[in-house]
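Trainee: Provided below: model-v3.cif, containing mmCIF, C-alpha atoms and all ligand atoms.
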data_coords
loop_
_atom_site.label_atom_id
_atom_site.label_comp_id
_atom_site.auth_asym_id
_atom_site.auth_seq_id
_atom_site.Cartn_x
_atom_site.Cartn_y
_atom_site.Cartn_z
CA MET A 915 34.65 -3.29 -1.12
CA SER A 916 34.33 -5.16 2.18
CA PHE A 917 30.86 -5.44 3.65
CA GLU A 918 32.15 -6.73 7.00
CA ILE A 919 33.28 -3.70 8.96
CA PRO A 920 33.13 -0.39 7.08
CA ASN A 921 36.42 1.38 6.85
CA ILE A 922 37.03 4.90 5.66
CA GLY A 923 37.52 3.66 2.08
CA ASP A 924 34.06 2.10 2.03
CA ILE A 925 32.48 5.26 3.35
CA GLU A 926 34.22 7.43 0.80
CA GLU A 927 33.08 5.19 -2.02
CA LEU A 928 29.52 5.12 -0.67
CA LEU A 929 29.57 8.91 -0.32
CA ASP A 930 30.73 9.19 -3.93
CA GLN A 931 27.88 6.95 -5.06
CA LEU A 932 25.43 9.05 -3.08
CA CYS A 933 26.76 12.33 -4.54
CA ARG A 934 26.55 10.95 -8.07
CA ALA A 935 23.01 9.67 -7.53
CA THR A 936 21.73 12.89 -5.93
CA GLY A 937 23.46 14.89 -8.67
CA ASN A 938 21.61 12.88 -11.34
CA PHE A 939 18.33 13.39 -9.52
CA LYS A 940 18.87 17.14 -9.13
CA GLN A 941 19.59 17.34 -12.84
CA ASP A 942 16.62 15.57 -14.37
CA HIS A 943 14.17 15.06 -11.44
CA ASN A 944 13.57 11.51 -12.57
CA ASP A 945 11.95 9.47 -9.81
CA LEU A 946 14.09 6.45 -10.65
CA GLU A 947 17.16 8.59 -9.90
CA ARG A 948 15.60 9.60 -6.59
CA ILE A 949 15.21 5.92 -5.69
CA ALA A 950 18.84 5.24 -6.67
CA ALA A 951 19.94 8.12 -4.38
CA LEU A 952 17.79 6.78 -1.55
CA LYS A 953 19.35 3.35 -1.97
CA ALA A 954 22.85 4.85 -1.85
CA ALA A 955 21.90 6.84 1.28
CA ARG A 956 20.64 3.66 2.97
CA ARG A 957 23.87 1.83 2.16
CA LEU A 958 25.82 4.69 3.71
CA VAL A 959 23.71 4.57 6.87
CA GLN A 960 24.21 0.81 7.08
CA ALA A 961 27.96 1.25 6.78
CA LEU A 962 27.98 3.84 9.56
CA GLU A 963 25.70 1.88 11.88
CA LYS A 964 27.38 -0.43 14.39
CA PRO A 965 25.98 -3.98 14.41
CA TYR A 966 24.93 -3.88 18.07
CA ASP A 967 23.21 -0.52 17.57
CA MET A 968 21.44 -1.90 14.52
CA ALA A 969 20.24 -4.88 16.57
CA LEU A 970 19.01 -2.53 19.30
CA MET A 971 17.21 -0.37 16.75
CA THR A 972 15.59 -3.43 15.18
CA GLY A 973 14.47 -4.76 18.54
CA SER A 974 12.77 -1.46 19.32
CA SER A 975 11.53 -0.68 15.83
CA PRO A 976 7.77 -1.09 16.61
CA VAL A 977 8.01 1.97 18.85
CA GLN A 978 8.08 4.32 15.86
CA PRO A 979 4.84 3.14 14.22
CA LEU A 980 3.15 2.95 17.61
CA CYS A 981 4.04 6.59 18.33
CA VAL A 982 2.70 7.58 14.89
CA ARG A 983 -0.47 5.62 15.68
CA ILE A 984 -0.83 7.35 19.06
CA ALA A 985 -0.19 10.71 17.40
CA ILE A 986 -3.18 10.05 15.14
CA ASP A 987 -5.37 9.41 18.18
CA LEU A 988 -4.03 12.57 19.79
CA ASP A 989 -4.58 14.67 16.66
CA ILE A 990 -0.95 15.72 16.84
CA PHE A 991 -0.47 15.93 13.06
CA LYS A 992 -3.71 17.86 12.57
CA THR A 993 -2.93 20.25 15.41
CA LEU A 994 0.55 21.08 14.14
CA THR A 995 -0.68 21.42 10.56
CA GLU A 996 -3.56 23.71 11.49
CA ARG A 997 -1.31 25.89 13.67
CA ASP A 998 1.03 26.30 10.69
CA GLY A 999 3.87 27.59 12.89
CA LEU A 1000 5.66 26.76 16.08
CA VAL A 1001 3.71 25.04 18.83
CA ASN A 1002 5.04 25.01 22.36
CA LEU A 1003 3.94 21.90 24.17
CA ARG A 1004 2.90 24.08 27.10
CA ASN A 1005 0.43 25.89 24.87
CA TRP A 1006 -0.97 22.80 23.24
CA PRO A 1007 -4.46 23.85 22.16
CA ARG A 1008 -7.02 23.06 24.84
CA SER A 1009 -9.81 22.33 22.39
CA ARG A 1010 -7.63 19.72 20.75
CA THR A 1011 -6.72 18.13 24.06
CA ARG A 1012 -10.42 17.53 24.63
CA THR A 1013 -10.36 15.12 21.75
CA LEU A 1014 -7.14 13.55 22.95
CA CYS A 1015 -8.01 10.91 25.44
CA SER A 1016 -10.00 11.98 28.43
CA GLN A 1017 -10.78 14.64 30.96
CA VAL A 1018 -7.66 13.56 32.79
CA ILE A 1019 -5.43 15.01 30.10
CA MET A 1020 -7.36 18.28 30.17
CA LEU A 1021 -6.82 18.43 33.87
CA HIS A 1022 -3.16 17.77 33.63
CA LEU A 1023 -2.61 20.40 30.98
CA ASN A 1024 -4.58 22.92 32.96
CA ILE A 1025 -2.40 22.57 36.00
CA VAL A 1026 0.88 22.63 34.14
CA ASP A 1027 2.99 25.61 35.04
CA SER A 1028 6.33 26.60 33.67
CA CYS A 1029 8.35 24.28 35.88
CA THR A 1030 6.01 21.36 36.53
CA LEU A 1031 5.89 18.49 34.14
CA THR A 1032 2.86 16.32 34.77
CA SER A 1033 2.84 12.71 33.72
CA THR A 1034 0.60 13.41 30.71
CA PHE A 1035 2.74 16.30 29.63
CA LEU A 1036 5.78 14.09 29.87
CA TRP A 1037 4.00 11.34 28.04
CA ILE A 1038 3.11 13.51 25.02
CA GLU A 1039 6.67 14.71 24.97
CA ARG A 1040 7.87 11.11 24.82
CA VAL A 1041 5.68 10.55 21.78
CA LEU A 1042 6.83 13.77 20.09
CA ARG A 1043 10.49 12.94 20.70
CA ILE A 1044 10.17 9.77 18.64
CA LEU A 1045 8.19 11.57 15.93
CA ALA A 1046 10.82 14.28 15.68
CA GLY A 1047 13.63 11.73 15.44
CA ALA A 1048 11.82 9.91 12.66
CA GLY A 1049 11.09 13.11 10.71
CA TYR A 1050 7.31 13.20 11.29
CA VAL A 1051 7.47 16.60 13.02
CA VAL A 1052 10.11 19.29 13.41
CA GLU A 1053 11.61 19.78 16.87
CA TYR A 1054 12.34 23.48 16.62
CA ASP A 1055 13.44 24.03 20.20
CA ILE A 1056 13.06 22.39 23.58
CA ARG A 1057 9.39 21.27 23.61
CA VAL A 1058 8.60 23.48 20.63
CA TYR A 1059 7.37 21.68 17.55
CA ALA A 1060 6.30 22.56 14.04
CA ALA A 1061 4.78 20.79 11.06
CA ASN A 1062 6.81 19.63 8.09
CA ALA A 1063 5.67 18.02 4.82
CA MET A 1064 5.34 14.65 6.56
CA THR A 1065 3.19 16.14 9.34
CA ARG A 1066 0.90 17.71 6.75
CA TYR A 1067 0.69 14.45 4.82
CA MET A 1068 -0.13 12.52 8.00
CA SER A 1069 -3.09 14.80 8.64
CA THR A 1070 -4.87 13.59 5.48
CA PRO A 1071 -7.54 10.85 5.72
CA GLY A 1072 -5.73 8.61 3.21
CA ALA A 1073 -2.46 8.64 5.17
CA VAL A 1074 -4.32 8.00 8.43
CA ALA A 1075 -6.12 5.01 6.87
CA VAL A 1076 -2.84 3.57 5.50
CA LEU A 1077 -1.20 3.84 8.91
CA LYS A 1078 -4.22 2.43 10.75
CA PHE A 1079 -4.38 -0.55 8.39
CA GLY A 1080 -0.67 -1.25 8.85
CA PHE A 1081 -0.81 -0.88 12.61
CA ASP A 1082 -4.27 -2.04 13.70
CA VAL A 1083 -4.71 -4.88 11.20
CA CYS A 1084 -1.19 -6.04 10.36
CA MET A 1085 0.84 -5.52 13.55
CA PRO A 1086 -1.09 -8.09 15.66
CA LEU A 1087 -0.58 -10.57 12.81
CA TYR A 1088 3.16 -9.88 12.56
CA ALA A 1089 3.46 -10.39 16.33
CA LYS A 1090 2.12 -13.94 15.96
CA ALA A 1091 4.00 -14.75 12.75
CA PRO A 1092 7.02 -16.51 14.32
CA GLU A 1093 4.69 -18.77 16.33
CA TYR A 1094 2.55 -19.50 13.24
CA PHE A 1095 5.56 -20.35 11.06
CA ARG A 1096 7.13 -22.54 13.76
CA GLU A 1097 3.90 -24.54 13.91
CA ASN A 1098 3.62 -24.69 10.12
CA GLY A 1099 7.16 -25.81 9.34
CA PHE A 1100 8.32 -22.39 8.08
CA GLN A 1101 6.50 -22.62 4.76
CA THR A 1102 4.60 -20.23 2.56
CA PRO A 1103 0.93 -21.09 3.13
CA LEU A 1104 -0.53 -22.74 0.04
CA GLU A 1105 -4.22 -22.22 0.78
CA SER A 1106 -5.83 -18.85 1.36
CA ASN A 1107 -8.01 -20.16 4.21
CA LYS A 1108 -5.09 -21.47 6.29
CA GLY A 1109 -2.88 -18.44 6.67
CA LEU A 1110 -1.61 -16.25 9.45
CA PHE A 1111 -4.80 -14.17 9.51
CA GLN A 1112 -6.92 -17.30 9.99
CA TYR A 1113 -4.48 -18.61 12.64
CA VAL A 1114 -4.69 -15.42 14.67
CA GLU A 1115 -8.42 -14.83 14.19
CA LYS A 1116 -9.20 -18.55 14.65
CA THR A 1117 -11.32 -18.69 11.51
CA GLU A 1118 -11.31 -20.18 8.03
CA GLU A 1119 -12.90 -17.04 6.58
CA SER A 1120 -10.90 -14.63 4.48
CA MET A 1121 -10.05 -11.14 5.67
CA TRP A 1122 -12.59 -9.89 3.11
CA SER A 1123 -15.48 -11.85 4.65
CA LEU A 1124 -14.74 -10.49 8.11
CA LEU A 1125 -13.99 -6.96 6.92
CA PHE A 1126 -17.20 -6.65 4.92
CA LYS A 1127 -19.42 -7.68 7.82
CA ASN A 1128 -18.97 -4.16 9.16
CA GLN A 1129 -19.84 -1.17 6.97
CA GLU A 1130 -17.51 1.18 8.82
CA ASN A 1131 -14.51 -1.15 8.39
CA MET A 1132 -15.35 -1.58 4.73
CA ASP A 1133 -15.51 2.19 4.14
CA GLU A 1134 -12.23 2.63 6.01
CA PHE A 1135 -10.61 -0.02 3.81
CA TYR A 1136 -11.43 1.90 0.61
CA VAL A 1137 -10.14 5.15 2.14
CA HIS A 1138 -6.96 3.16 2.81
CA MET A 1139 -6.85 1.93 -0.81
CA THR A 1140 -7.37 5.47 -2.10
CA GLY A 1141 -4.67 6.70 0.31
CA ARG A 1142 -2.20 4.16 -1.08
CA LYS A 1143 -2.79 5.49 -4.59
CA ALA A 1144 -3.11 9.20 -3.94
CA ASN A 1145 -0.47 11.45 -5.50
CA ARG A 1146 0.95 8.60 -7.59
CA PRO A 1147 0.80 8.43 -11.38
CA THR A 1148 -1.60 5.80 -12.68
CA TRP A 1149 -1.17 3.21 -15.43
CA ILE A 1150 -3.07 5.33 -17.95
CA ASP A 1151 -0.41 8.04 -17.61
CA TRP A 1152 2.17 5.79 -19.26
CA PHE A 1153 0.54 2.64 -20.68
CA PRO A 1154 -0.29 2.82 -24.43
CA VAL A 1155 -4.05 2.61 -23.86
CA GLN A 1156 -4.87 3.84 -27.37
CA GLU A 1157 -2.74 1.27 -29.21
CA CYS A 1158 -3.34 -1.65 -26.87
CA ILE A 1159 -7.01 -1.29 -25.99
CA ILE A 1160 -8.89 1.32 -28.00
CA ASP A 1161 -7.42 0.57 -31.44
CA GLY A 1162 -8.81 -2.77 -32.44
CA PHE A 1163 -11.95 -2.43 -30.30
CA GLU A 1164 -14.91 -3.98 -32.15
CA ASP A 1165 -17.50 -1.25 -31.76
CA GLN A 1166 -20.70 -3.29 -31.86
CA GLU A 1167 -23.89 -2.64 -29.96
CA GLY A 1168 -23.31 -3.43 -26.27
CA GLY A 1169 -19.60 -3.98 -26.85
CA VAL A 1170 -17.52 -3.72 -23.67
CA LEU A 1171 -14.23 -1.84 -23.85
CA LEU A 1172 -12.93 -2.32 -20.32
CA VAL A 1173 -13.91 -4.30 -17.24
CA ASP A 1174 -12.26 -3.40 -13.93
CA VAL A 1175 -12.34 -6.83 -12.28
CA ALA A 1176 -12.65 -6.53 -8.48
CA GLY A 1177 -12.27 -2.80 -8.99
CA GLY A 1178 -13.49 -1.82 -5.53
CA ARG A 1179 -15.21 1.54 -5.46
CA GLY A 1180 -14.32 2.30 -9.09
CA TYR A 1181 -11.36 4.61 -8.43
CA ASP A 1182 -9.33 3.43 -11.44
CA LEU A 1183 -12.21 3.33 -13.87
CA GLU A 1184 -13.20 6.88 -12.90
CA ILE A 1185 -9.70 8.06 -13.79
CA PHE A 1186 -9.83 6.14 -17.06
CA HIS A 1187 -13.24 7.63 -17.88
CA ALA A 1188 -12.06 11.17 -17.12
CA LYS A 1189 -9.14 10.81 -19.53
CA PHE A 1190 -10.89 8.81 -22.27
CA SER A 1191 -14.40 10.22 -22.03
CA ASP A 1192 -15.08 10.03 -25.77
CA VAL A 1193 -14.06 6.45 -26.46
CA PRO A 1194 -16.68 3.98 -27.67
CA GLY A 1195 -17.67 0.92 -25.64
CA ARG A 1196 -18.99 0.18 -22.19
CA LEU A 1197 -16.95 0.56 -19.00
CA ILE A 1198 -17.85 -1.83 -16.18
CA VAL A 1199 -16.60 -2.10 -12.62
CA GLU A 1200 -17.09 -5.47 -10.93
CA ASP A 1201 -16.87 -6.32 -7.24
CA LEU A 1202 -18.77 -8.12 -4.50
CA PRO A 1203 -22.40 -6.95 -4.20
CA GLN A 1204 -21.89 -5.45 -0.74
CA VAL A 1205 -19.02 -3.30 -2.07
CA LEU A 1206 -21.03 -1.96 -5.00
CA GLU A 1207 -24.22 -1.37 -3.04
CA GLY A 1208 -25.20 2.30 -2.94
CA MET A 1209 -22.10 3.35 -4.87
CA THR A 1210 -22.44 6.34 -7.20
CA LEU A 1211 -20.25 6.45 -10.28
CA SER A 1212 -20.01 8.91 -13.15
CA PRO A 1213 -22.60 8.41 -15.87
CA GLY A 1214 -21.06 6.04 -18.40
CA ILE A 1215 -19.62 3.63 -15.82
CA GLU A 1216 -21.68 0.57 -14.97
CA CYS A 1217 -21.55 -1.72 -11.92
CA GLN A 1218 -21.65 -5.49 -12.10
CA PRO A 1219 -21.79 -7.56 -8.90
CA PHE A 1220 -19.75 -10.75 -9.20
CA ASP A 1221 -17.59 -13.24 -7.39
CA LEU A 1222 -14.00 -13.89 -8.42
CA PHE A 1223 -14.54 -17.62 -7.94
CA GLU A 1224 -17.55 -17.85 -10.24
CA ALA A 1225 -17.76 -17.60 -14.03
CA GLN A 1226 -16.90 -14.11 -15.31
CA PRO A 1227 -20.28 -12.52 -16.13
CA VAL A 1228 -19.10 -10.05 -18.82
CA LYS A 1229 -18.30 -11.95 -22.00
CA GLY A 1230 -15.96 -10.95 -24.82
CA ALA A 1231 -14.76 -7.56 -23.53
CA ARG A 1232 -11.77 -5.95 -25.20
CA ALA A 1233 -9.84 -5.79 -21.91
CA TYR A 1234 -10.15 -7.18 -18.40
CA TYR A 1235 -8.10 -5.12 -15.97
CA MET A 1236 -7.20 -6.44 -12.52
CA LYS A 1237 -5.29 -4.25 -10.12
CA PHE A 1238 -4.03 -5.41 -6.73
CA VAL A 1239 -6.30 -8.42 -6.87
CA LEU A 1240 -4.18 -11.52 -7.55
CA HIS A 1241 -1.55 -10.46 -5.02
CA ASP A 1242 -4.26 -10.99 -2.37
CA TRP A 1243 -4.38 -14.72 -3.09
CA ALA A 1244 -2.17 -17.82 -2.85
CA ASP A 1245 -1.20 -19.46 -6.15
CA ARG A 1246 -3.93 -22.09 -5.94
CA GLN A 1247 -6.66 -19.46 -5.56
CA CYS A 1248 -5.12 -17.33 -8.34
CA HIS A 1249 -5.33 -20.37 -10.59
CA GLN A 1250 -9.04 -20.77 -9.72
CA ILE A 1251 -9.67 -17.06 -10.36
CA LEU A 1252 -7.92 -17.17 -13.73
CA GLN A 1253 -9.96 -20.23 -14.73
CA GLN A 1254 -13.13 -18.09 -14.52
CA PHE A 1255 -12.04 -16.22 -17.65
CA LYS A 1256 -12.05 -19.41 -19.70
CA GLY A 1257 -14.86 -19.27 -22.24
CA THR A 1258 -15.27 -15.55 -21.50
CA MET A 1259 -12.30 -13.99 -23.20
CA LYS A 1260 -12.37 -13.95 -27.00
CA LYS A 1261 -9.19 -15.56 -28.33
CA GLY A 1262 -6.97 -13.13 -30.24
CA TYR A 1263 -9.12 -10.16 -29.15
CA SER A 1264 -9.64 -9.98 -25.38
CA LYS A 1265 -6.72 -8.97 -23.22
CA LEU A 1266 -6.03 -9.54 -19.57
CA LEU A 1267 -4.18 -6.59 -18.02
CA ILE A 1268 -2.83 -7.33 -14.56
CA GLU A 1269 -1.46 -4.37 -12.65
CA GLU A 1270 0.84 -5.46 -9.84
CA VAL A 1271 4.19 -4.72 -8.27
CA ILE A 1272 6.79 -7.05 -9.77
CA LEU A 1273 9.47 -8.04 -7.31
CA ALA A 1274 13.05 -7.90 -8.52
CA ASP A 1275 14.91 -11.23 -8.29
CA LYS A 1276 17.76 -9.43 -6.56
CA ASP A 1277 18.09 -6.13 -4.72
CA ALA A 1278 14.32 -5.77 -4.29
CA GLU A 1279 13.10 -2.38 -3.10
CA PRO A 1280 11.94 -2.16 0.54
CA ILE A 1281 8.37 -0.98 -0.16
CA PRO A 1282 7.41 -3.93 -2.44
CA SER A 1283 9.24 -6.39 -0.16
CA LEU A 1284 7.34 -5.08 2.86
CA GLY A 1285 4.12 -5.15 0.82
CA ASP A 1286 4.82 -8.82 0.17
CA TRP A 1287 4.76 -9.42 3.93
CA MET A 1288 1.53 -7.49 4.28
CA MET A 1289 -0.06 -9.71 1.62
CA LEU A 1290 1.33 -12.80 3.34
CA ALA A 1291 0.01 -11.78 6.74
CA VAL A 1292 -3.42 -10.53 5.77
CA HIS A 1293 -4.39 -12.65 2.78
CA CYS A 1294 -1.93 -15.54 2.32
CA GLY A 1295 -1.09 -13.64 -0.84
CA MET A 1296 2.23 -12.44 -2.21
CA GLU A 1297 4.04 -10.07 -4.50
CA ARG A 1298 5.58 -12.07 -7.36
CA THR A 1299 8.64 -11.96 -9.56
CA ARG A 1300 8.41 -12.02 -13.37
CA SER A 1301 9.24 -15.70 -13.56
CA HIS A 1302 6.61 -16.47 -10.92
CA TRP A 1303 3.94 -14.57 -12.92
CA GLU A 1304 4.94 -16.40 -16.11
CA ARG A 1305 4.65 -19.78 -14.38
CA LEU A 1306 1.31 -18.93 -12.79
CA LEU A 1307 -0.24 -17.57 -15.99
CA THR A 1308 1.07 -20.36 -18.20
CA ALA A 1309 -0.22 -23.01 -15.78
CA SER A 1310 -3.63 -21.29 -15.89
CA GLY A 1311 -3.89 -21.32 -19.70
CA PHE A 1312 -2.60 -17.83 -20.50
CA GLN A 1313 0.41 -16.56 -22.35
CA VAL A 1314 2.21 -13.40 -21.37
CA VAL A 1315 2.30 -10.98 -24.31
CA LYS A 1316 4.46 -8.40 -22.56
CA PHE A 1317 5.59 -7.10 -19.20
CA TRP A 1318 5.14 -3.32 -19.34
CA ASP A 1319 7.22 -1.43 -16.79
CA PRO A 1320 6.39 2.15 -15.74
CA PRO A 1321 8.94 4.94 -16.21
CA TYR A 1322 8.98 5.46 -12.42
CA PRO A 1323 8.97 3.12 -9.40
CA GLY A 1324 5.57 1.46 -9.20
CA GLN A 1325 3.39 -1.29 -10.54
CA SER A 1326 3.90 -2.96 -13.90
CA ILE A 1327 1.21 -4.12 -16.31
CA ILE A 1328 1.28 -7.75 -17.36
CA GLU A 1329 -0.49 -8.11 -20.69
CA ALA A 1330 -1.75 -11.65 -21.25
CA GLU A 1331 -4.04 -13.54 -23.60
CA VAL A 1332 -5.67 -16.94 -23.47
CA SER A 1333 -3.30 -19.40 -25.08
C1 LIG B 1 -6.98 -4.90 -2.78
S1 LIG B 1 -8.58 -4.57 -3.33
C2 LIG B 1 -8.27 -3.87 -4.92
C3 LIG B 1 -9.41 -3.07 -5.41
C4 LIG B 1 -9.10 -2.27 -6.69
N1 LIG B 1 -8.74 -3.11 -7.78
C5 LIG B 1 -8.05 -1.25 -6.41
O1 LIG B 1 -6.93 -1.38 -6.87
O2 LIG B 1 -8.35 -0.32 -5.65
C6 LIG B 1 -9.20 -6.16 -3.74
C7 LIG B 1 -10.66 -6.17 -4.14
O3 LIG B 1 -11.05 -7.55 -4.31
C8 LIG B 1 -12.40 -7.64 -3.93
N2 LIG B 1 -12.72 -9.05 -3.62
C9 LIG B 1 -12.25 -9.80 -2.60
N3 LIG B 1 -12.79 -11.02 -2.67
C10 LIG B 1 -13.61 -11.05 -3.74
C11 LIG B 1 -14.43 -12.04 -4.33
N4 LIG B 1 -14.52 -13.26 -3.84
N5 LIG B 1 -15.11 -11.70 -5.43
C12 LIG B 1 -15.04 -10.46 -5.97
N6 LIG B 1 -14.27 -9.47 -5.46
C13 LIG B 1 -13.57 -9.77 -4.35
C14 LIG B 1 -12.49 -6.75 -2.71
O4 LIG B 1 -13.82 -6.38 -2.46
C15 LIG B 1 -11.60 -5.59 -3.11
O5 LIG B 1 -12.33 -4.54 -3.68
#
Would you put the structure from the file into structure tokens?
Ligand SMILES: C[S@@+](CC[C@H](N)C(=O)[O-])C[C@H]1O[C@@H](n2cnc3c(N)ncnc32)[C@H](O)[C@@H]1O

Mentor:
Amino acid sequence: MSFEIPNIGDIEELLDQLCRATGNFKQDHNDLERIAALKAARRLVQALEKPYDMALMTGSSPVQPLCVRIAIDLDIFKTLTERDGLVNLRNWPRSRTRTLCSQVIMLHLNIVDSCTLTSTFLWIERVLRILAGAGYVVEYDIRVYAANAMTRYMSTPGAVAVLKFGFDVCMPLYAKAPEYFRENGFQTPLESNKGLFQYVEKTEESMWSLLFKNQENMDEFYVHMTGRKANRPTWIDWFPVQECIIDGFEDQEGGVLLVDVAGGRGYDLEIFHAKFSDVPGRLIVEDLPQVLEGMTLSPGIECQPFDLFEAQPVKGARAYYMKFVLHDWADRQCHQILQQFKGTMKKGYSKLLIEEVILADKDAEPIPSLGDWMMLAVHCGMERTRSHWERLLTASGFQVVKFWDPPYPGQSIIEAEVS
């Protein structure tokens, strides 16, 4: 198949691939089949797209997220979801418009008659046109809109926080990235205090230090984290917790079964506790003191303030679980973090369980590849391939026991022990 200019033969073959993939998905509803179908659909779109149109689309691509961001400010998703039916732009609820932007909008909507389009009216329509084209709302008729599944999803706090983080925090960094990389010789930053975030914010502090100076931003960040995880299966749905962690646990007084290292507000440990409520051993969530302050967890889960760059305070636990932590840091900082487990983990007994996205060496999926850029921009971190994880862990005195892959697209678990 030629990948230069698609001809009818290419398109037929791509269509065949798409039909096969969607057929498989319809048959067994396996999420991996859904991803294969999505990939085939994307290849078909790429074959149909003309290069100059694709360049135009790329050049204007920030418009879509900015319209979604504006729609959040305008309560567009909430309004359509609450109406649960068709909404004519002319009858846009007045009470909602009050929360939109200002009195000016109220005024404009009040004076709209059937033939006059005021500038605000036109402006909202320009936003909705983009949202409809991108599938965020349904354009039922001329200036008549309705909610779809995406609209309803975008009216949830988790989705709003994910979008706000991507747009408000990451977009300004992406805008400066070409300038930063030109000045830094187009290299992956090696130190976490000299990255794009620090370049743009003119600081040597990490994103965490700045974020946690403001309680509201910190709370918003954990809503964002919860939003990223909501509706997705978790590791305990597929990982052999019983065989790998619970069996073999030395049930002595004060024995610790599981530590969630930099576990944030305890989301993952709560899920673990709900499923394995009867298991012996202590469950401990660790994070920075300001994160844990005032946090309420289910009875049976303890909090331990700590710093990733200081000696691990909980000694000899059966398992230390770290989710979405090491991808926040450059290799050098990961090495320092891993060193803190030395003298803490009991050889042949304690396990390190790292939950992260593992990037494919070839044909990487868009979501993890984009996540890699988010890590790069915000933290000087990265998503890593298997071979990269092996190198990093080996150099830090660990040996990989096994890479455990989930039966659906998502994060893997890297099981490691001190070597
Ligand atoms: C991306 S979040 C992941 C949180 C949690 N594991 C999860 O998956 O929701 C990274 C966590 O690292 C914590 N963190 C950042 N710097 C830290 C440090 N120096 N010491 C301890 N925790 C830190 C943050 O507070 C945050 O909760």

Trainee: From the list A:Pro1071, A:Gly1109, A:Pro1203, A:Gly1324, which residue is nearest Glu1097 of chain A when using only C-alpha atoms?

Mentor: A:Gly1109

Trainee: Kindly indicate which residue among A:Ile1185, A:Ala1061, A:Leu929, A:Leu1202 lies nearest to ligand LIG 1 (chain B), using only C-alpha atoms and all ligand atoms for the distances.

Mentor: A:Leu1202

Trainee: Just how far from atom CA of Leu1197 of chain A is atom CA of Ile1215 of chain A, in Å to one decimal?

Mentor: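 Taking atom CA of Ile1215 of chain A and atom CA of Leu1197 of chain A, their separation equals 5.2 Å.
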
Trainee: Taking 4 positions as the minimum chain separation for residues in the same chain, which residues sit within 12 Å of Pro1154 of chain A when counting only C-alpha atoms? Answer as a PDB file with C-alpha atoms, keeping the file's coordinate frame.

Mentor:
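The resulting file, part29.pdb, is reproduced below:
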ATOM      1  CA  TRP A1149      -1.170   3.210 -15.430  1.00  0.00           C
ATOM      2  CA  ILE A1150      -3.070   5.330 -17.950  1.00  0.00           C
ATOM      3  CA  CYS A1158      -3.340  -1.650 -26.870  1.00  0.00           C
ATOM      4  CA  ILE A1159      -7.010  -1.290 -25.990  1.00  0.00           C
ATOM      5  CA  ILE A1160      -8.890   1.320 -28.000  1.00  0.00           C
ATOM      6  CA  ASP A1161      -7.420   0.570 -31.440  1.00  0.00           C
ATOM      7  CA  TRP A1318       5.140  -3.320 -19.340  1.00  0.00           C
ATOM      8  CA  ASP A1319       7.220  -1.430 -16.790  1.00  0.00           C
ATOM      9  CA  PRO A1320       6.390   2.150 -15.740  1.00  0.00           C
ATOM     10  CA  ILE A1327       1.210  -4.120 -16.310  1.00  0.00           C
ATOM     11  CA  GLU A1329      -0.490  -8.110 -20.690  1.00  0.00           C
TER      12      GLU A1329
END

Trainee: From the list A:Leu1206, A:Val1083, A:Val1076, A:Ala985, which residue is nearest Ile1044 of chain A when using all atoms listed in the file?

Mentor: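 The closest residue to Ile1044 of chain A is A:Ala985.
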
Trainee: Once you add 8 Å to each side, what are the centre and edge lengths of the axis-aligned box holding all listed atoms of ligand LIG 1 (chain B)? One decimal in Å, as AutoDock Vina command-line options, if you can.

Mentor:
--center_x -11.0 --center_y -6.8 --center_z -5.1 --size_x 24.2 --size_y 28.9 --size_z 21.3

Trainee: Taking into account all atoms listed in the file, which residue in the set A:Tyr1181, A:Phe1317, A:Tyr1059, A:Trp1287 is nearest to ligand LIG 1 (chain B)?

Mentor: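 Counting all atoms listed in the file, the residue closest to ligand LIG 1 (chain B) is A:Tyr1181.
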
Trainee: Taking all atoms listed in the file into account, list the residues no farther than 9 Å from ligand LIG 1 (chain B), as a ChimeraX atom specification.

Mentor: /A:1120-1123,1126,1132,1135-1136,1139-1140,1142-1143,1174-1182,1200-1206,1219-1224,1235-1242,1251,1269

Trainee: Looking at all atoms listed in the file, which of A:Ser1326, A:Gln978, A:Gln1218, A:Asn1098 is the one that sits closest to Trp1152 of chain A?

Mentor: A:Ser1326

Trainee: Could you check how far atom CA of Leu1036 of chain A sits from atom CA of Glu963 of chain A, in Å to one decimal?

Mentor: 29.5 Å

Trainee: For a quick check of your reading of the model, name the residues lying within 7 Å of the coordinate (-4.5, 18.1, 6.6), counting all atoms listed in the file, and write them as a ChimeraX atom specification.

Mentor: /A:992,995,1066-1067,1069-1070

Trainee: Keeping C-alpha atoms, export the residues of the selection given above as a short mmCIF file (atom, residue, chain, number, x, y, z; two decimals), in the coordinates of the input.

Mentor:
data_model
loop_
_atom_site.label_atom_id
_atom_site.label_comp_id
_atom_site.auth_asym_id
_atom_site.auth_seq_id
_atom_site.Cartn_x
_atom_site.Cartn_y
_atom_site.Cartn_z
CA LYS A 992 -3.71 17.86 12.57
CA THR A 995 -0.68 21.42 10.56
CA ARG A 1066 0.90 17.71 6.75
CA TYR A 1067 0.69 14.45 4.82
CA SER A 1069 -3.09 14.80 8.64
CA THR A 1070 -4.87 13.59 5.48
#

Trainee: Pick out the closest residue to Arg1040 of chain A from this set: A:Met1064, A:Asp989, A:Cys981, A:Tyr1234. Count all atoms listed in the file.

Mentor: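 Result for the nearest residue to Arg1040 of chain A: A:Cys981.
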
Trainee: To one decimal place, how far is atom CA of Glu1105 of chain A from atom CA of Glu1119 of chain A in Å?

Mentor: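 Answer for the atom CA of Glu1105 of chain A to atom CA of Glu1119 of chain A separation: 11.7 Å.
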